[in-house]
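K.L.:
Input: one structure, supplied below.
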Amino acid sequence: MSHALSHDDVKAAAERIEGQVRPVAVAPLDLGSSGPGRPGRVHAALEFAQHTGSFKARGAANFVAAHREAGTLPEAGVTIASGGNAGLACAWAARAHGVRATVFLPATAPAVKVDRLRKYGAEVRLTGSEYAEALAACETYAAESGALPSHAYDHPLIAAGAGTLVDEIRRRLPALDTLVVAVGGGGLFAGVATAARHHGLKTVAVEPTGTRALHAALAAGEPVDVAVDSVAADSLGARRAGVLAFAAARHEGARSVLVSDEAVEEARRTLWEEHRFAVEHGAATALAALTDPAPGNGYVPAPDETVCVVLCGANTDPATL
């Protein structure tokens, strides 16, 4: 990918999507005894309350609006491969602009996401058992139909849209030091880390131990394929980290950490039982960075560090809470 993501891209995205997305709310989190030495200066960005139930609406709105501005939206509409959330956002943004959307998902995608996609008017095609197979089918369809391919995470317009979160959070939390975000393919992380770096803030990238595409890329010195085996794989199950995320992770001020599936499950339960936040496992992964008790896992903030955990999605079955 030739385009390096910059803060100017994030600023342009913020102007483009203003009025289309819900401004993020920020709330304090009381972690209580969730982990030793945890400070009381932890907040949550409630991005799970965004249109379509995840932060992905930001990038999708930016992508479609930018192509609308440039006159590059084809008659065949847009197409995307997704574990679910990016597809929902793409379908929502396409509908807002009167554009067709064809969404490819793994056959393992949660029924709640498939049903919502169809309600947004998208054509849904279930292919394979994981994201990589859906992506291959989507690429073939785009080549044959002329539809404009979007990407679930590794595209400058998508990542820049996600990065618009940072200035909104800073306005609500002026003392902010560190942002904590979950990583699948890394679009949220790439955008947030790019904007955070501009403001001298730190970003912590969090992945489950069984789905560690970014962590593995940093260890190998380049994006590499990894196995996908986690309770959060429906939204964080990218086999390979995006080049934008990999580039952002190599800058000073960015850190990559791992958490266990058990910690993700416990964080999700805590968010529901203590705060009445119903989030998907991918969103709970970010909080698990502050609560995973396993040595070497997670992130321990300094006592005076102001941290904001981005709770990025709520497309989950409430019955499993």
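Here, A, B, ... name the chains of the structure tokens in the order displayed, residue numbers run from 1 inside each chain, and ligands are numbered from 1 in the same displayed order.
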Using only C-alpha atoms, find each residue in stretch 256-282 of chain A having at least one atom no more than 6 Å away from stretch 288-307 of chain A; report its shortest atom-to-atom pair and that distance in Å (one decimal), rows by chain then rising number, as CSV.
P.N.:
```
residue,atom,partner,partner_atom,distance
A:Val257,CA,A:Gly298,CA,5.4
A:Leu258,CA,A:Asn297,CA,5.4
A:Val259,CA,A:Asn297,CA,5.4
A:Ala263,CA,A:Asp292,CA,5.2
A:Val264,CA,A:Ala288,CA,5.3
A:Ala267,CA,A:Ala288,CA,5.5
```
K.L.:
How would the residues just chosen look if you wrote them out with N, CA, C and O atoms as an mmCIF file, in the first residue's frame?
P.N.:
```cif
data_model
loop_
_atom_site.group_PDB
_atom_site.id
_atom_site.type_symbol
_atom_site.label_atom_id
_atom_site.label_comp_id
_atom_site.auth_asym_id
_atom_site.auth_seq_id
_atom_site.Cartn_x
_atom_site.Cartn_y
_atom_site.Cartn_z
ATOM 1 N N VAL A 257 0.289 -5.946 23.290
ATOM 2 C CA VAL A 257 0.189 -6.881 24.416
ATOM 3 C C VAL A 257 -0.825 -7.970 24.102
ATOM 4 O O VAL A 257 -1.675 -7.822 23.220
ATOM 5 N N LEU A 258 -0.713 -9.057 24.854
ATOM 6 C CA LEU A 258 -1.621 -10.199 24.695
ATOM 7 C C LEU A 258 -2.448 -10.409 25.956
ATOM 8 O O LEU A 258 -2.036 -10.033 27.061
ATOM 9 N N VAL A 259 -3.625 -11.031 25.779
ATOM 10 C CA VAL A 259 -4.486 -11.404 26.904
ATOM 11 C C VAL A 259 -5.072 -12.783 26.635
ATOM 12 O O VAL A 259 -5.186 -13.209 25.488
ATOM 13 N N ALA A 263 -9.474 -14.113 30.342
ATOM 14 C CA ALA A 263 -9.530 -12.718 30.774
ATOM 15 C C ALA A 263 -10.531 -11.926 29.945
ATOM 16 O O ALA A 263 -11.201 -11.026 30.456
ATOM 17 N N VAL A 264 -10.631 -12.262 28.660
ATOM 18 C CA VAL A 264 -11.613 -11.600 27.797
ATOM 19 C C VAL A 264 -13.026 -11.913 28.281
ATOM 20 O O VAL A 264 -13.876 -11.020 28.405
ATOM 21 N N ALA A 267 -13.675 -10.036 31.523
ATOM 22 C CA ALA A 267 -13.854 -8.599 31.286
ATOM 23 C C ALA A 267 -15.236 -8.323 30.717
ATOM 24 O O ALA A 267 -15.896 -7.344 31.093
#
```
K.L.:
Could the residues of stretch 180-281 of chain A that have an atom at most 10 Å from stretch 132-140 of chain A be listed as a tab-separated table, each with its closest atom pair and the distance in Å to one decimal, counting only C-alpha atoms and ordered by chain and ascending residue number?
P.N.:
```
residue	atom	partner	partner_atom	distance
A:Gly237	CA	A:Ala132	CA	9.3
A:Ala238	CA	A:Ala132	CA	7.4
A:Arg239	CA	A:Ala132	CA	6.9
A:Arg240	CA	A:Ala132	CA	8.9
```
K.L.:
Quick one: residues within 8 Å of A:Gly77, only C-alpha atoms counted, chain neighbours fewer than 3 positions away excluded, as number ranges by chain?
P.N.:
A: 73-74, 94, 99-102, 147-148
K.L.:
Using N, CA and C atoms, can you write the selected residues to a file as an mmCIF file, in the first residue's frame?
P.N.:
```
data_model
loop_
_atom_site.group_PDB
_atom_site.id
_atom_site.type_symbol
_atom_site.label_atom_id
_atom_site.label_comp_id
_atom_site.auth_asym_id
_atom_site.auth_seq_id
_atom_site.Cartn_x
_atom_site.Cartn_y
_atom_site.Cartn_z
ATOM 1 N N LEU A 73 -17.909 6.022 -7.402
ATOM 2 C CA LEU A 73 -18.808 4.941 -6.968
ATOM 3 C C LEU A 73 -19.428 4.294 -8.197
ATOM 4 N N PRO A 74 -19.152 3.019 -8.461
ATOM 5 C CA PRO A 74 -19.664 2.376 -9.666
ATOM 6 C C PRO A 74 -21.129 1.972 -9.546
ATOM 7 N N ALA A 94 -23.490 2.498 2.662
ATOM 8 C CA ALA A 94 -23.951 2.402 1.278
ATOM 9 C C ALA A 94 -25.424 2.786 1.181
ATOM 10 N N VAL A 99 -26.481 3.381 -2.427
ATOM 11 C CA VAL A 99 -25.550 2.537 -3.181
ATOM 12 C C VAL A 99 -25.773 1.073 -2.799
ATOM 13 N N ARG A 100 -25.639 0.171 -3.766
ATOM 14 C CA ARG A 100 -25.747 -1.269 -3.492
ATOM 15 C C ARG A 100 -24.559 -1.746 -2.672
ATOM 16 N N ALA A 101 -24.786 -2.751 -1.829
ATOM 17 C CA ALA A 101 -23.693 -3.353 -1.057
ATOM 18 C C ALA A 101 -23.810 -4.872 -1.114
ATOM 19 N N THR A 102 -22.700 -5.540 -1.436
ATOM 20 C CA THR A 102 -22.624 -6.999 -1.410
ATOM 21 C C THR A 102 -21.561 -7.377 -0.396
ATOM 22 N N ALA A 147 -17.792 -3.992 -8.960
ATOM 23 C CA ALA A 147 -18.110 -3.352 -7.679
ATOM 24 C C ALA A 147 -16.832 -2.802 -7.044
ATOM 25 N N LEU A 148 -16.977 -1.734 -6.285
ATOM 26 C CA LEU A 148 -15.836 -1.088 -5.617
ATOM 27 C C LEU A 148 -15.498 -1.870 -4.351
#
```
K.L.:
Closest to A:Ala286 among A:Arg95, A:His155, A:Arg268, A:Arg250, using only C-alpha atoms?
P.N.:
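Looking at the shortest contact to A:Ala286, the residue is A:Arg268.
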K.L.:
Need to verify the contact set: A:Ile80, 6 Å, only C-alpha atoms, exclusion of same-chain residues closer than 4 positions in sequence. Can you return it as a PyMOL selection string?
P.N.:
chain A and resi 103+149-151
K.L.:
As an mmCIF file with C-alpha atoms, in the first residue's frame, please: every residue in stretch 114-179 of chain A that DSSP puts in strand (DSSP E or B).
P.N.:
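In the end it all went to selection.cif:
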```
data_model
loop_
_atom_site.group_PDB
_atom_site.id
_atom_site.type_symbol
_atom_site.label_atom_id
_atom_site.label_comp_id
_atom_site.auth_asym_id
_atom_site.auth_seq_id
_atom_site.Cartn_x
_atom_site.Cartn_y
_atom_site.Cartn_z
ATOM 1 C CA GLU A 123 -26.805 -8.886 -0.363
ATOM 2 C CA VAL A 124 -25.101 -11.396 1.952
ATOM 3 C CA ARG A 125 -22.859 -14.188 0.695
ATOM 4 C CA LEU A 126 -21.561 -16.723 3.225
ATOM 5 C CA LEU A 148 -15.836 -1.088 -5.617
ATOM 6 C CA PRO A 149 -13.965 -3.210 -3.069
ATOM 7 C CA THR A 178 -2.994 6.381 26.847
ATOM 8 C CA LEU A 179 -5.556 4.712 24.584
#
```
K.L.:
Looking only at the backbone, which of the residues in stretch 177-261 of chain A does DSSP tag as helix (DSSP H, G or I), as a count of residues only?
P.N.:
32
K.L.:
So, with only C-alpha atoms as the atoms that count, which of A:Ala213, A:Ala57, A:Ala220, A:Ala45 lies closest to A:Ile158?
P.N.:
A:Ala57
K.L.:
Nearest to A:Leu287: which of A:Ala254, A:Leu321, A:Val180, A:Ala86 is it, counting only C-alpha atoms?
P.N.:
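Closest to A:Leu287, using only C-alpha atoms: A:Val180.
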K.L.:
Would you work out the distance separating atom CA of A:Pro23 from atom CA of A:Leu271, expressed in Å to one decimal?
P.N.:
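The value is 20.9 Å.
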K.L.:
Which residue is closest to A:Asp177? Choose from A:Ala241, A:Ala196, A:Ala109, A:Val231 and count only C-alpha atoms.
P.N.:
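Of the candidates, the smallest distance to A:Asp177 is held by A:Ala196.
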K.L.:
For A:Val206, which residue among A:Leu165, A:Val228, A:Ala107, A:Leu236 is the nearest when counting only C-alpha atoms?
P.N.:
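Answer, going by the shortest atom-to-atom distance: A:Leu236.
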K.L.:
Measure the distance from atom CA of A:Trp92 to atom CA of A:Ala314 in Å and round it to one decimal.
P.N.:
15.7 Å
K.L.:
Could you work out how far atom CA of A:Glu265 lies from atom CA of A:Ala89, giving the answer in Å with one decimal?
P.N.:
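Taking atom CA of A:Ala89 and atom CA of A:Glu265, their separation equals 25.1 Å.
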K.L.:
With only C-alpha atoms as the counted atoms, please give the residues lying no more than 8 Å from A:Ala13, apart from itself and same-chain residues fewer than 5 positions off, as a PDB file with N, CA and C atoms, in the first residue's frame.
P.N.:
```
ATOM      1  N   ASN A  62     -16.577   7.308   5.931  1.00  0.00           N
ATOM      2  CA  ASN A  62     -15.501   8.052   5.270  1.00  0.00           C
ATOM      3  C   ASN A  62     -15.203   7.479   3.884  1.00  0.00           C
ATOM      4  N   LEU A 157      -8.624   5.147   4.010  1.00  0.00           N
ATOM      5  CA  LEU A 157      -9.891   5.820   4.317  1.00  0.00           C
ATOM      6  C   LEU A 157     -10.601   5.156   5.492  1.00  0.00           C
ATOM      7  N   ALA A 160      -8.411   5.937   8.711  1.00  0.00           N
ATOM      8  CA  ALA A 160      -8.528   7.354   9.073  1.00  0.00           C
ATOM      9  C   ALA A 160      -9.868   7.635   9.734  1.00  0.00           C
ATOM     10  N   GLY A 161     -10.921   7.006   9.233  1.00  0.00           N
ATOM     11  CA  GLY A 161     -12.229   7.170   9.859  1.00  0.00           C
ATOM     12  C   GLY A 161     -12.219   6.703  11.303  1.00  0.00           C
ATOM     13  N   THR A 164     -10.763   9.111  13.919  1.00  0.00           N
ATOM     14  CA  THR A 164     -11.521  10.297  14.354  1.00  0.00           C
ATOM     15  C   THR A 164     -11.972  10.178  15.806  1.00  0.00           C
TER      16      THR A 164
END
```
K.L.:
From the set A:Trp272, A:Ala193, A:Asp225, A:Ala284, which residue has the shortest atom-to-atom contact distance to A:His251, counting only C-alpha atoms?
P.N.:
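Among the listed residues, A:Ala193 lies closest to A:His251.
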